[in-house]
file upload.cif (mmCIF, C-alpha atoms and all ligand atoms)
data_protein
loop_
_atom_site.label_atom_id
_atom_site.label_comp_id
_atom_site.auth_asym_id
_atom_site.auth_seq_id
_atom_site.Cartn_x
_atom_site.Cartn_y
_atom_site.Cartn_z
CA MET A 1 12.26 -15.28 15.94
CA ARG A 2 8.82 -15.07 17.53
CA LYS A 3 6.46 -12.25 16.50
CA ARG A 4 2.87 -11.37 17.18
CA ILE A 5 0.90 -10.06 14.23
CA ALA A 6 -2.48 -8.36 14.38
CA VAL A 7 -4.51 -9.19 11.28
CA LEU A 8 -7.37 -6.84 10.40
CA PRO A 9 -9.14 -8.33 7.35
CA GLY A 10 -11.81 -5.62 7.02
CA ASP A 11 -14.44 -5.70 4.29
CA GLY A 12 -15.08 -6.92 0.73
CA ILE A 13 -12.08 -8.85 -0.60
CA GLY A 14 -10.10 -7.93 2.57
CA PRO A 15 -10.77 -11.30 4.30
CA GLU A 16 -9.93 -13.25 1.11
CA VAL A 17 -6.58 -11.58 0.49
CA THR A 18 -5.48 -11.53 4.14
CA GLU A 19 -6.25 -15.25 4.45
CA ALA A 20 -3.95 -15.85 1.49
CA ALA A 21 -1.20 -13.68 2.94
CA VAL A 22 -1.40 -15.34 6.38
CA LYS A 23 -1.08 -18.74 4.70
CA VAL A 24 2.14 -17.60 3.00
CA LEU A 25 3.41 -16.06 6.24
CA GLN A 26 2.97 -19.38 8.05
CA VAL A 27 4.80 -21.25 5.30
CA ILE A 28 7.71 -18.82 5.72
CA GLY A 29 7.55 -19.35 9.49
CA ARG A 30 7.86 -23.13 9.13
CA ARG A 31 10.64 -22.94 6.57
CA PHE A 32 12.80 -20.36 8.33
CA LYS A 33 11.95 -21.54 11.87
CA HIS A 34 10.10 -18.47 13.06
CA THR A 35 6.87 -18.41 15.01
CA PHE A 36 4.27 -15.93 13.84
CA ASP A 37 1.38 -15.70 16.30
CA VAL A 38 -1.55 -14.31 14.36
CA GLU A 39 -4.53 -12.71 16.06
CA TYR A 40 -7.55 -11.21 14.35
CA GLY A 41 -9.21 -7.87 14.97
CA SER A 42 -12.12 -5.84 13.65
CA ILE A 43 -11.95 -2.71 11.52
CA GLY A 44 -14.08 -0.83 8.99
CA GLY A 45 -17.61 -1.74 8.00
CA GLU A 46 -17.69 -5.09 9.74
CA ALA A 47 -16.59 -3.34 12.96
CA ILE A 48 -19.38 -0.78 12.55
CA ASP A 49 -21.86 -3.64 12.27
CA LYS A 50 -20.46 -5.42 15.32
CA TYR A 51 -19.26 -2.62 17.61
CA LYS A 52 -20.92 0.51 16.16
CA THR A 53 -17.51 2.07 15.51
CA PRO A 54 -15.03 1.57 12.62
CA LEU A 55 -12.08 1.23 15.03
CA PRO A 56 -13.02 -0.48 18.33
CA ASP A 57 -10.79 -0.07 21.40
CA GLU A 58 -10.24 -3.83 21.36
CA THR A 59 -8.55 -3.50 17.98
CA ILE A 60 -6.25 -0.70 19.12
CA GLU A 61 -5.38 -2.80 22.19
CA LEU A 62 -4.61 -5.83 20.02
CA CYS A 63 -2.39 -3.79 17.70
CA GLN A 64 -0.64 -2.16 20.64
CA GLN A 65 0.35 -5.58 21.91
CA SER A 66 1.53 -6.76 18.49
CA ASP A 67 4.81 -6.39 16.62
CA ALA A 68 3.16 -5.48 13.31
CA ILE A 69 -0.27 -5.15 11.69
CA LEU A 70 -1.56 -6.70 8.47
CA LEU A 71 -4.61 -4.97 7.02
CA GLY A 72 -6.89 -6.08 4.16
CA ALA A 73 -9.12 -3.18 3.11
CA VAL A 74 -12.17 -1.33 4.39
CA GLY A 75 -15.34 0.14 2.94
CA GLY A 76 -18.21 -0.76 0.69
CA PRO A 77 -21.60 0.35 -0.61
CA LYS A 78 -23.37 -0.87 2.54
CA TRP A 79 -21.80 1.96 4.57
CA ASP A 80 -21.44 4.65 1.88
CA LYS A 81 -24.39 6.68 3.16
CA ASN A 82 -23.27 6.58 6.80
CA PRO A 83 -22.41 9.85 8.55
CA ALA A 84 -18.69 10.77 8.34
CA GLU A 85 -17.80 9.35 11.78
CA LEU A 86 -19.39 6.02 10.93
CA ARG A 87 -17.65 5.46 7.60
CA PRO A 88 -15.36 2.39 7.44
CA GLU A 89 -12.60 4.57 5.92
CA LYS A 90 -12.57 6.62 9.13
CA GLY A 91 -11.30 3.52 10.96
CA LEU A 92 -8.36 3.21 8.58
CA LEU A 93 -7.43 6.88 8.92
CA ALA A 94 -7.77 6.63 12.70
CA ILE A 95 -5.47 3.63 13.03
CA ARG A 96 -2.82 5.29 10.82
CA LYS A 97 -3.01 8.40 13.00
CA HIS A 98 -3.15 6.54 16.32
CA PHE A 99 0.07 4.67 15.60
CA ASP A 100 1.72 7.67 13.88
CA LEU A 101 2.30 5.67 10.69
CA PHE A 102 3.44 8.70 8.74
CA ALA A 103 5.48 7.03 6.00
CA ASN A 104 3.61 5.02 3.40
CA LEU A 105 6.01 3.21 1.08
CA ARG A 106 4.45 2.08 -2.17
CA PRO A 107 6.91 0.29 -4.46
CA VAL A 108 6.05 -0.07 -8.14
CA ILE A 109 8.16 -2.59 -10.01
CA ALA A 110 7.60 -3.84 -13.54
CA VAL A 111 7.56 -7.64 -13.66
CA PRO A 112 8.57 -9.06 -17.07
CA SER A 113 5.79 -11.66 -17.12
CA LEU A 114 3.15 -8.99 -16.42
CA LEU A 115 4.21 -6.47 -19.07
CA LYS A 116 1.53 -7.71 -21.44
CA ALA A 117 -1.15 -6.93 -18.83
CA SER A 118 -0.32 -3.22 -18.84
CA PRO A 119 -2.16 -1.01 -21.32
CA LEU A 120 1.09 0.95 -21.63
CA LYS A 121 3.72 0.05 -24.24
CA GLU A 122 6.22 -2.59 -23.12
CA GLU A 123 9.23 -0.40 -23.90
CA VAL A 124 7.79 2.36 -21.67
CA VAL A 125 7.25 0.19 -18.59
CA LYS A 126 9.76 -2.64 -18.79
CA ASP A 127 12.47 -1.10 -16.56
CA VAL A 128 10.27 0.61 -13.99
CA ASP A 129 11.46 0.38 -10.39
CA LEU A 130 10.14 3.29 -8.36
CA MET A 131 8.93 3.91 -4.83
CA ILE A 132 6.18 6.34 -3.95
CA VAL A 133 6.75 7.72 -0.44
CA ARG A 134 3.37 9.07 0.56
CA GLU A 135 2.91 11.21 3.68
CA LEU A 136 0.11 9.40 5.50
CA THR A 137 -0.96 11.23 8.66
CA GLY A 138 -1.33 14.84 7.57
CA GLY A 139 -2.70 17.07 4.84
CA LEU A 140 -6.28 17.21 3.63
CA TYR A 141 -7.22 13.91 5.25
CA PHE A 142 -6.74 15.25 8.77
CA GLY A 143 -6.76 19.08 8.59
CA GLU A 144 -9.33 21.07 10.59
CA PRO A 145 -11.81 22.53 9.93
CA SER A 146 -13.35 19.73 7.97
CA LYS A 147 -17.09 20.21 7.96
CA ARG A 148 -20.23 20.63 6.00
CA THR A 149 -22.79 23.39 6.35
CA GLU A 150 -25.99 23.92 4.38
CA LYS A 151 -24.28 26.10 1.75
CA ALA A 152 -20.62 25.10 1.88
CA ALA A 153 -18.13 22.33 2.66
CA PHE A 154 -14.61 22.68 4.09
CA ASP A 155 -11.48 20.60 4.05
CA THR A 156 -8.17 21.97 5.22
CA LEU A 157 -4.78 21.21 3.73
CA VAL A 158 -2.33 21.85 6.53
CA TYR A 159 1.22 20.64 7.07
CA THR A 160 3.64 21.56 9.82
CA LYS A 161 7.31 21.90 8.97
CA LYS A 162 8.08 18.93 11.24
CA GLU A 163 5.64 16.69 9.40
CA ILE A 164 7.24 17.54 6.07
CA GLU A 165 10.77 17.17 7.41
CA ARG A 166 10.33 13.61 8.64
CA ILE A 167 8.77 12.28 5.43
CA VAL A 168 11.31 14.07 3.26
CA GLU A 169 14.16 12.63 5.36
CA LYS A 170 12.66 9.17 4.93
CA ALA A 171 12.62 9.68 1.15
CA PHE A 172 16.26 10.78 1.10
CA GLU A 173 17.31 7.79 3.23
CA LEU A 174 15.49 5.41 0.90
CA ALA A 175 16.95 7.03 -2.22
CA ARG A 176 20.43 6.47 -0.82
CA LEU A 177 19.75 2.74 -0.72
CA ARG A 178 18.28 2.79 -4.24
CA LYS A 179 19.18 4.75 -7.39
CA GLY A 180 19.95 7.99 -5.54
CA LYS A 181 17.20 10.22 -6.91
CA VAL A 182 14.27 11.98 -5.22
CA THR A 183 11.39 13.55 -7.12
CA SER A 184 9.38 15.78 -4.82
CA VAL A 185 5.85 16.28 -6.12
CA ASP A 186 3.82 19.34 -5.12
CA LYS A 187 1.56 22.12 -6.41
CA GLU A 188 3.94 24.94 -5.56
CA ASN A 189 2.47 27.25 -8.20
CA VAL A 190 -0.78 27.42 -6.22
CA LEU A 191 -0.67 26.01 -2.68
CA GLN A 192 0.94 27.51 0.43
CA SER A 193 1.49 24.05 1.88
CA SER A 194 3.41 23.12 -1.28
CA LYS A 195 5.62 26.20 -1.02
CA LEU A 196 6.62 25.10 2.48
CA TRP A 197 7.04 21.53 1.23
CA ARG A 198 9.47 22.69 -1.49
CA GLU A 199 11.44 24.85 0.96
CA VAL A 200 11.88 21.90 3.30
CA VAL A 201 13.11 19.67 0.46
CA GLU A 202 15.62 22.37 -0.56
CA GLU A 203 16.85 22.64 3.03
CA LYS A 204 17.05 18.88 3.61
CA LYS A 205 18.88 18.14 0.39
CA LYS A 206 21.97 19.88 1.78
CA GLY A 207 22.41 16.89 4.08
CA TYR A 208 22.27 14.46 1.15
CA PRO A 209 24.73 15.73 -1.49
CA ASP A 210 24.87 12.22 -2.97
CA VAL A 211 21.16 12.31 -3.82
CA GLU A 212 19.84 14.00 -6.97
CA VAL A 213 16.72 16.09 -6.35
CA GLU A 214 14.04 17.34 -8.69
CA HIS A 215 10.78 19.15 -8.03
CA MET A 216 7.74 18.36 -10.13
CA LEU A 217 4.24 19.80 -10.16
CA VAL A 218 1.64 17.14 -9.50
CA ASP A 219 -0.25 17.57 -12.78
CA SER A 220 2.94 17.11 -14.74
CA ALA A 221 3.97 14.18 -12.51
CA ALA A 222 0.68 12.46 -13.32
CA MET A 223 1.53 12.72 -16.99
CA GLN A 224 5.20 11.72 -16.69
CA LEU A 225 4.36 8.72 -14.54
CA VAL A 226 2.75 7.05 -17.53
CA THR A 227 4.85 8.52 -20.34
CA ASN A 228 8.31 8.14 -18.79
CA PRO A 229 8.00 6.10 -15.56
CA CYS A 230 11.58 4.79 -15.77
CA ALA A 231 12.85 8.30 -15.00
CA PHE A 232 11.58 8.02 -11.40
CA ASP A 233 13.30 6.51 -8.39
CA VAL A 234 11.83 7.81 -5.12
CA VAL A 235 8.74 10.00 -5.42
CA VAL A 236 7.90 11.88 -2.22
CA THR A 237 4.61 13.68 -1.87
CA GLU A 238 1.78 14.70 0.42
CA ASN A 239 -1.07 12.43 1.45
CA MET A 240 -3.70 12.99 -1.25
CA PHE A 241 -1.32 13.41 -4.19
CA GLY A 242 0.34 10.14 -3.12
CA ASP A 243 -3.00 8.35 -2.96
CA ILE A 244 -3.91 9.36 -6.47
CA LEU A 245 -0.50 8.87 -8.07
CA SER A 246 -0.11 5.39 -6.61
CA ASP A 247 -3.38 4.12 -8.09
CA GLU A 248 -2.25 5.65 -11.38
CA ALA A 249 1.09 3.86 -11.09
CA SER A 250 -0.70 0.52 -10.80
CA VAL A 251 -1.39 0.85 -14.53
CA ILE A 252 2.34 0.26 -15.04
CA THR A 253 2.20 -3.15 -13.37
CA GLY A 254 -1.05 -4.15 -15.02
CA SER A 255 -3.29 -4.34 -11.94
CA LEU A 256 -4.02 -2.72 -8.61
CA GLY A 257 -3.96 -6.26 -7.30
CA VAL A 258 -0.17 -6.47 -7.24
CA LEU A 259 0.83 -3.27 -5.42
CA PRO A 260 1.76 -3.67 -1.74
CA SER A 261 2.54 -1.02 0.83
CA ALA A 262 4.15 -0.44 4.20
CA SER A 263 2.84 2.26 6.55
CA ILE A 264 5.58 2.78 9.09
CA ARG A 265 6.78 5.09 11.81
CA ALA A 266 10.28 6.01 12.92
CA ASP A 267 10.91 2.98 15.17
CA GLY A 268 10.03 0.47 12.45
CA PHE A 269 6.60 -0.49 13.79
CA GLY A 270 4.26 -0.72 10.86
CA MET A 271 0.99 -1.66 9.26
CA TYR A 272 1.17 -3.51 5.97
CA GLU A 273 -1.64 -3.07 3.49
CA PRO A 274 -2.30 -3.54 -0.21
CA ILE A 275 -2.93 -0.21 -1.95
CA HIS A 276 -6.20 -1.45 -3.42
CA GLY A 277 -9.62 -1.28 -1.80
CA THR A 278 -12.35 -3.76 -1.02
CA ALA A 279 -13.29 -4.34 -4.69
CA PRO A 280 -17.04 -4.77 -4.03
CA ASP A 281 -17.54 -5.80 -7.66
CA ILE A 282 -15.63 -9.08 -7.14
CA ALA A 283 -15.89 -9.61 -3.36
CA GLY A 284 -16.81 -13.08 -2.13
CA GLN A 285 -16.25 -14.69 -5.53
CA GLY A 286 -12.71 -15.99 -5.11
CA LYS A 287 -11.53 -13.69 -7.90
CA ALA A 288 -9.31 -11.30 -5.94
CA ASN A 289 -5.62 -11.16 -6.69
CA PRO A 290 -3.86 -11.78 -3.35
CA ALA A 291 -0.40 -10.75 -4.66
CA ALA A 292 -0.53 -7.21 -3.23
CA THR A 293 -1.30 -8.50 0.28
CA ILE A 294 1.21 -11.36 0.04
CA LEU A 295 3.86 -8.83 -1.05
CA SER A 296 2.79 -6.58 1.85
CA VAL A 297 3.70 -9.44 4.19
CA ALA A 298 7.08 -9.59 2.45
CA MET A 299 7.51 -5.88 3.22
CA MET A 300 6.58 -6.56 6.87
CA LEU A 301 9.30 -9.18 7.15
CA LYS A 302 11.86 -6.76 5.72
CA TYR A 303 10.90 -3.40 7.20
CA SER A 304 9.58 -4.38 10.66
CA PHE A 305 11.54 -7.58 11.37
CA GLY A 306 14.72 -7.15 9.27
CA LEU A 307 14.13 -10.56 7.62
CA GLU A 308 15.55 -9.78 4.17
CA GLU A 309 16.02 -13.38 3.03
CA GLU A 310 12.45 -14.29 3.95
CA CYS A 311 11.18 -11.20 2.14
CA ALA A 312 13.16 -12.12 -0.97
CA ALA A 313 11.82 -15.69 -0.85
CA ILE A 314 8.24 -14.42 -1.08
CA GLU A 315 9.03 -11.93 -3.84
CA GLU A 316 10.82 -14.62 -5.86
CA ALA A 317 7.97 -17.08 -5.37
CA VAL A 318 5.36 -14.54 -6.51
CA ASN A 319 7.41 -13.66 -9.58
CA ALA A 320 7.99 -17.33 -10.39
CA VAL A 321 4.24 -18.01 -10.32
CA PHE A 322 3.67 -15.16 -12.78
CA GLU A 323 6.60 -16.41 -14.84
CA ASP A 324 4.95 -19.85 -15.02
CA GLY A 325 1.89 -18.16 -16.53
CA PHE A 326 -0.50 -18.41 -13.58
CA TYR A 327 -2.82 -15.43 -13.14
CA THR A 328 -5.99 -14.34 -11.38
CA ALA A 329 -8.71 -12.78 -13.55
CA ASP A 330 -7.41 -9.20 -13.30
CA LEU A 331 -4.17 -10.12 -15.08
CA ALA A 332 -5.16 -13.01 -17.32
CA SER A 333 -5.27 -12.72 -21.11
CA PRO A 334 -8.13 -14.47 -22.91
CA ALA A 335 -5.88 -17.46 -23.64
CA ASP A 336 -4.75 -17.90 -20.02
CA ARG A 337 -6.38 -20.26 -17.55
CA VAL A 338 -7.79 -18.09 -14.75
CA LEU A 339 -6.91 -19.15 -11.21
CA SER A 340 -8.99 -18.39 -8.13
CA THR A 341 -7.52 -16.54 -5.14
CA ASN A 342 -6.91 -19.83 -3.32
CA GLU A 343 -5.52 -21.66 -6.34
CA TRP A 344 -3.08 -18.83 -7.05
CA THR A 345 -2.00 -18.69 -3.40
CA ASP A 346 -1.36 -22.44 -3.45
CA LYS A 347 0.95 -21.91 -6.44
CA VAL A 348 2.96 -19.46 -4.34
CA VAL A 349 3.07 -21.97 -1.49
CA ASP A 350 4.24 -24.71 -3.92
CA GLU A 351 6.92 -22.37 -5.20
CA LEU A 352 8.14 -21.65 -1.66
CA ASP A 353 8.29 -25.41 -0.97
CA LEU A 354 10.24 -25.91 -4.19
CA GLN A 355 12.71 -23.19 -3.19
CA SER A 356 13.34 -24.95 0.12
CA VAL A 357 14.01 -28.26 -1.66
CA CYS A 358 16.47 -26.53 -4.03
CA ASN A 359 18.30 -24.61 -1.30
P1 LIG A 401 -10.87 -0.71 -5.37
O1 LIG A 401 -9.39 -0.64 -5.25
O2 LIG A 401 -11.57 -1.49 -4.33
O3 LIG A 401 -11.26 -1.32 -6.79
C1 LIG A 401 -10.95 -0.71 -8.04
C2 LIG A 401 -10.96 -1.76 -9.16
O4 LIG A 401 -9.82 -2.60 -9.02
C3 LIG A 401 -12.18 -2.68 -9.10
O5 LIG A 401 -12.58 -3.00 -10.41
C4 LIG A 401 -11.66 -3.92 -8.41
O6 LIG A 401 -12.31 -5.11 -8.76
C5 LIG A 401 -10.20 -3.95 -8.86
N1 LIG A 401 -9.33 -4.55 -7.84
C6 LIG A 401 -8.91 -3.95 -6.68
N2 LIG A 401 -8.17 -4.81 -5.98
C7 LIG A 401 -8.12 -5.96 -6.67
C8 LIG A 401 -7.52 -7.23 -6.46
N3 LIG A 401 -6.78 -7.49 -5.35
N4 LIG A 401 -7.68 -8.21 -7.37
C9 LIG A 401 -8.38 -7.96 -8.49
N5 LIG A 401 -8.99 -6.79 -8.77
C10 LIG A 401 -8.86 -5.81 -7.87
O7 LIG A 401 -11.39 0.79 -5.42
P2 LIG A 401 -12.90 1.37 -5.35
O8 LIG A 401 -13.80 0.46 -6.11
O9 LIG A 401 -12.77 2.76 -5.72
O10 LIG A 401 -13.27 1.30 -3.82
C11 LIG A 401 -14.09 0.30 -3.23
C12 LIG A 401 -14.13 0.49 -1.72
O11 LIG A 401 -12.82 0.27 -1.17
C13 LIG A 401 -14.53 1.91 -1.28
O12 LIG A 401 -15.38 1.77 -0.18
C14 LIG A 401 -13.23 2.56 -0.88
O13 LIG A 401 -13.38 3.55 0.11
C15 LIG A 401 -12.46 1.38 -0.34
N6 LIG A 401 -11.00 1.51 -0.40
C16 LIG A 401 -10.32 1.05 0.68
C17 LIG A 401 -8.94 1.06 0.67
C18 LIG A 401 -8.23 0.54 1.87
O14 LIG A 401 -8.84 0.00 2.76
N7 LIG A 401 -6.92 0.69 1.96
C19 LIG A 401 -8.25 1.51 -0.46
C20 LIG A 401 -8.99 1.97 -1.55
C21 LIG A 401 -10.36 1.95 -1.51
C1 LIG A 402 -5.68 3.94 0.32
C2 LIG A 402 -7.15 4.28 0.35
C3 LIG A 402 -7.46 5.12 1.56
C4 LIG A 402 -6.71 6.43 1.42
C5 LIG A 402 -8.98 5.41 1.79
C6 LIG A 402 -9.78 4.18 1.82
C7 LIG A 402 -9.17 6.19 3.07
O1 LIG A 402 -7.54 4.88 -0.84
O2 LIG A 402 -5.19 3.32 1.28
O3 LIG A 402 -5.01 4.24 -0.67
O4 LIG A 402 -7.14 7.34 0.70
O5 LIG A 402 -5.65 6.53 2.04
MN MN A 403 -6.02 4.85 -2.38
#
call {"tool": "encode", "arguments": {"input": "upload.cif", "output": "structure tokens", "more": "lines below"}}
Ligand code: NAD
Ligand code: IPM
Ligand code: MN
result
Amino acid sequence: MRKRIAVLPGDGIGPEVTEAAVKVLQVIGRRFKHTFDVEYGSIGGEAIDKYKTPLPDETIELCQQSDAILLGAVGGPKWDKNPAELRPEKGLLAIRKHFDLFANLRPVIAVPSLLKASPLKEEVVKDVDLMIVRELTGGLYFGEPSKRTEKAAFDTLVYTKKEIERIVEKAFELARLRKGKVTSVDKENVLQSSKLWREVVEEKKKGYPDVEVEHMLVDSAAMQLVTNPCAFDVVVTENMFGDILSDEASVITGSLGVLPSASIRADGFGMYEPIHGTAPDIAGQGKANPAATILSVAMMLKYSFGLEEECAAIEEAVNAVFEDGFYTADLASPADRVLSTNEWTDKVVDELDLQSVCN
């Protein structure tokens, strides 16, 4: 297989973690006899500095001509005071919208060797295997009006029925391939958009009699996600609730640095991105955990290219490295030796080489 991948490293730790993930991708290419042509593009703060826009036309062009996109992260204190249109985050929202990447899949899986890194009790988190399905191109992030006047500020939470239908269908389809349960999270006791959301779920569930459905208010979901996370399978929710709940869910796995995501559209084209940000506090120090971005590449291989075996090879290698007791600073206990981003990535590469010798 030959694929072209647009890599958009972005800001802060973005370049460090994408470099690690590209290294792993190329190892997979050599082992499984695929060619991955990687080309780099600009996005976020570094694009503002270079092109005076967070999403240059050149980057859209590059992505258009590619089979998938790998993104690091965007943003940082340098651009925090910029006007809204010149914020790095605007570039990320714009690329999601441009390519209609409406379904953001954020898997959260407890890894035995990381249980000790979670502040939650082991017995609460040890069997967690859930998937947050976050609507990514609608809601408060994109609704109009969104503006500021002298005395007030507006954001608009709007969803069309069509937008809700397609993300809910995606959640049902995924649940069918998993444990067969969908938890739809909303704020139906207050918001009009949530009332519509709940109606659509009720309507859609008729087509999926094999899937169990529950509705949960978002405040309660936030609580249950940390008190009884094993009760969840697929969690489907609107853009902002999904953003918040997925960072909360990272507490289950012990670090934001291990949660990957896929942002995809109906035809399988997708952008793959860790859920974490640019971590300005550790950027440029070789401290970033690259696992989330490496696992995002694994998701790319599975969801965009149908390469299940290659995806599994990466996931197994990452787990084996944790199992062997190798951690970056975010996951290490005081007694552990702390590995740098590059050292930890090399352990994953060694593990992949070992797998190929054993197979
Ligand atoms: P953040 O996710 O960047 O960092 C939160 C905390 O988690 C920090 O202490 C950081 O060091 C740690 N962390 C995050 N990723 C890590 C990793 N891979 N390895 C080890 N530790 C890691 O969130 P923030 O500090 O709220 O945001 C910083 C900037 O990132 C902001 O400008 C924000 O807008 C941006 N951001 C971008 C994205 C994205 O591009 N997808 C996502 C979230 C935040
Ligand atoms: C994420 C981030 C983004 C979001 C920001 C940076 C726009 O937090 O990918 O989770 O809110 O979607
Ligand atoms: Mn987020």
call {"tool": "closest_residue", "arguments": {"input": "upload.cif", "among": "A:Asp210, A:Glu316, A:Glu238, A:Asp267", "to": "ligand LIG 402 (chain A)", "atoms": "all atoms listed in the file"}}
result
A:Glu238
call {"tool": "atom_distance", "arguments": {"input": "upload.cif", "atom1": "atom CA of A:Val27", "atom2": "atom CA of A:Ala103"}}
result
28.3 Å
call {"tool": "closest_atom_pairs", "arguments": {"input": "upload.cif", "of": "chain A", "to": "ligand LIG 401 (chain A)", "cutoff": "6 Å", "atoms": "only C-alpha atoms and all ligand atoms", "output": "Markdown table"}}
result
| residue | atom | partner | partner_atom | distance |
| --- | --- | --- | --- | --- |
| A:Ala73 | CA | A:LIG401 | O14 | 3.2 |
| A:Val74 | CA | A:LIG401 | O14 | 3.9 |
| A:Gly75 | CA | A:LIG401 | O12 | 3.5 |
| A:Gly76 | CA | A:LIG401 | O12 | 3.9 |
| A:Glu89 | CA | A:LIG401 | O13 | 6.0 |
| A:Leu256 | CA | A:LIG401 | N2 | 5.3 |
| A:Gly257 | CA | A:LIG401 | N3 | 3.6 |
| A:Ile275 | CA | A:LIG401 | N7 | 5.7 |
| A:His276 | CA | A:LIG401 | O1 | 3.8 |
| A:Gly277 | CA | A:LIG401 | O2 | 3.2 |
| A:Thr278 | CA | A:LIG401 | O11 | 4.1 |
| A:Ala279 | CA | A:LIG401 | O2 | 3.3 |
| A:Pro280 | CA | A:LIG401 | C11 | 5.9 |
| A:Asp281 | CA | A:LIG401 | O6 | 5.4 |
| A:Ile282 | CA | A:LIG401 | O6 | 5.4 |
| A:Ala288 | CA | A:LIG401 | N4 | 3.8 |
| A:Asn289 | CA | A:LIG401 | N4 | 3.7 |
| A:Pro290 | CA | A:LIG401 | N3 | 5.6 |
| A:Asp330 | CA | A:LIG401 | C9 | 5.1 |
call {"tool": "closest_atom_pairs", "arguments": {"input": "upload.cif", "of": "chain A", "to": "ligand MN 403 (chain A)", "cutoff": "9 Å", "atoms": "all atoms listed in the file", "output": "tab-separated table"}}
result
residue	atom	partner	partner_atom	distance
A:Met240	CA	A:MN403	MN	8.5
A:Gly242	CA	A:MN403	MN	8.3
A:Asp243	CA	A:MN403	MN	4.7
A:Ile244	CA	A:MN403	MN	6.4
A:Leu245	CA	A:MN403	MN	8.9
A:Ser246	CA	A:MN403	MN	7.3
A:Asp247	CA	A:MN403	MN	6.3
A:Ile275	CA	A:MN403	MN	5.9
A:His276	CA	A:MN403	MN	6.4
A:Gly277	CA	A:MN403	MN	7.1
call {"tool": "atom_distance", "arguments": {"input": "upload.cif", "atom1": "atom CA of A:Arg96", "atom2": "atom CA of A:Met271"}}
result
8.1 Å
call {"tool": "residues_around", "arguments": {"input": "upload.cif", "residues": "A:Val108", "least_positions_apart": "6", "cutoff": "8 Å", "atoms": "all atoms listed in the file", "output": "list of chain:residue names"}}
result
A:Val128, A:Asp129, A:Leu130, A:Met131, A:Ile132, A:Ala249, A:Ser250, A:Ile252, A:Thr253, A:Leu259
call {"tool": "closest_residue", "arguments": {"input": "upload.cif", "among": "A:Gly143, A:Gly268, A:Pro88, A:Pro77", "to": "ligand LIG 402 (chain A)", "atoms": "all atoms listed in the file"}}
result
A:Pro88
call {"tool": "residues_around", "arguments": {"input": "upload.cif", "residues": "A:Asp57", "least_positions_apart": "5", "cutoff": "12 Å", "atoms": "only C-alpha atoms", "output": "CSV table (one decimal) with C-alpha atoms, in the frame of the given file"}}
result
chain,number,residue,atom,x,y,z
A,41,GLY,CA,-9.2,-7.9,15.0
A,42,SER,CA,-12.1,-5.8,13.6
A,43,ILE,CA,-12.0,-2.7,11.5
A,47,ALA,CA,-16.6,-3.3,13.0
A,51,TYR,CA,-19.3,-2.6,17.6
A,52,LYS,CA,-20.9,0.5,16.2
A,62,LEU,CA,-4.6,-5.8,20.0
A,63,CYS,CA,-2.4,-3.8,17.7
A,64,GLN,CA,-0.6,-2.2,20.6
A,91,GLY,CA,-11.3,3.5,11.0
A,94,ALA,CA,-7.8,6.6,12.7
A,95,ILE,CA,-5.5,3.6,13.0
A,98,HIS,CA,-3.2,6.5,16.3
call {"tool": "closest_residue", "arguments": {"input": "upload.cif", "among": "A:Glu19, A:Asp350, A:Asp336, A:Glu212", "to": "A:Leu71", "atoms": "all atoms listed in the file"}}
result
A:Glu19
call {"tool": "closest_residue", "arguments": {"input": "upload.cif", "among": "A:Gly45, A:Gly139, A:Pro274, A:Pro56", "to": "ligand LIG 402 (chain A)", "atoms": "all atoms listed in the file"}}
result
A:Pro274
call {"tool": "decode", "arguments": {"input": "upload.cif", "residues": "stretch 276-284 of chain A", "atoms": "N, CA and C atoms", "output": "short mmCIF file (atom, residue, chain, number, x, y, z; two decimals), in the first residue's frame"}}
result
data_model
loop_
_atom_site.label_atom_id
_atom_site.label_comp_id
_atom_site.auth_asym_id
_atom_site.auth_seq_id
_atom_site.Cartn_x
_atom_site.Cartn_y
_atom_site.Cartn_z
N HIS A 276 -4.56 15.91 23.78
CA HIS A 276 -3.91 16.94 24.60
C HIS A 276 -3.52 18.16 23.75
N GLY A 277 -3.06 19.20 24.45
CA GLY A 277 -2.66 20.42 23.78
C GLY A 277 -1.17 20.54 23.63
N THR A 278 -0.68 21.77 23.57
CA THR A 278 0.72 22.02 23.26
C THR A 278 1.63 21.99 24.50
N ALA A 279 1.02 21.79 25.67
CA ALA A 279 1.78 21.68 26.93
C ALA A 279 2.94 22.66 27.03
N PRO A 280 2.65 23.97 27.02
CA PRO A 280 3.74 24.96 27.03
C PRO A 280 4.68 24.79 28.22
N ASP A 281 4.18 24.23 29.31
CA ASP A 281 5.02 24.07 30.51
C ASP A 281 6.18 23.09 30.31
N ILE A 282 6.06 22.17 29.34
CA ILE A 282 7.15 21.20 29.14
C ILE A 282 7.70 21.23 27.71
N ALA A 283 7.20 22.15 26.88
CA ALA A 283 7.60 22.17 25.47
C ALA A 283 9.11 22.40 25.30
N GLY A 284 9.67 21.69 24.33
CA GLY A 284 11.08 21.87 23.99
C GLY A 284 12.05 21.24 24.96
#
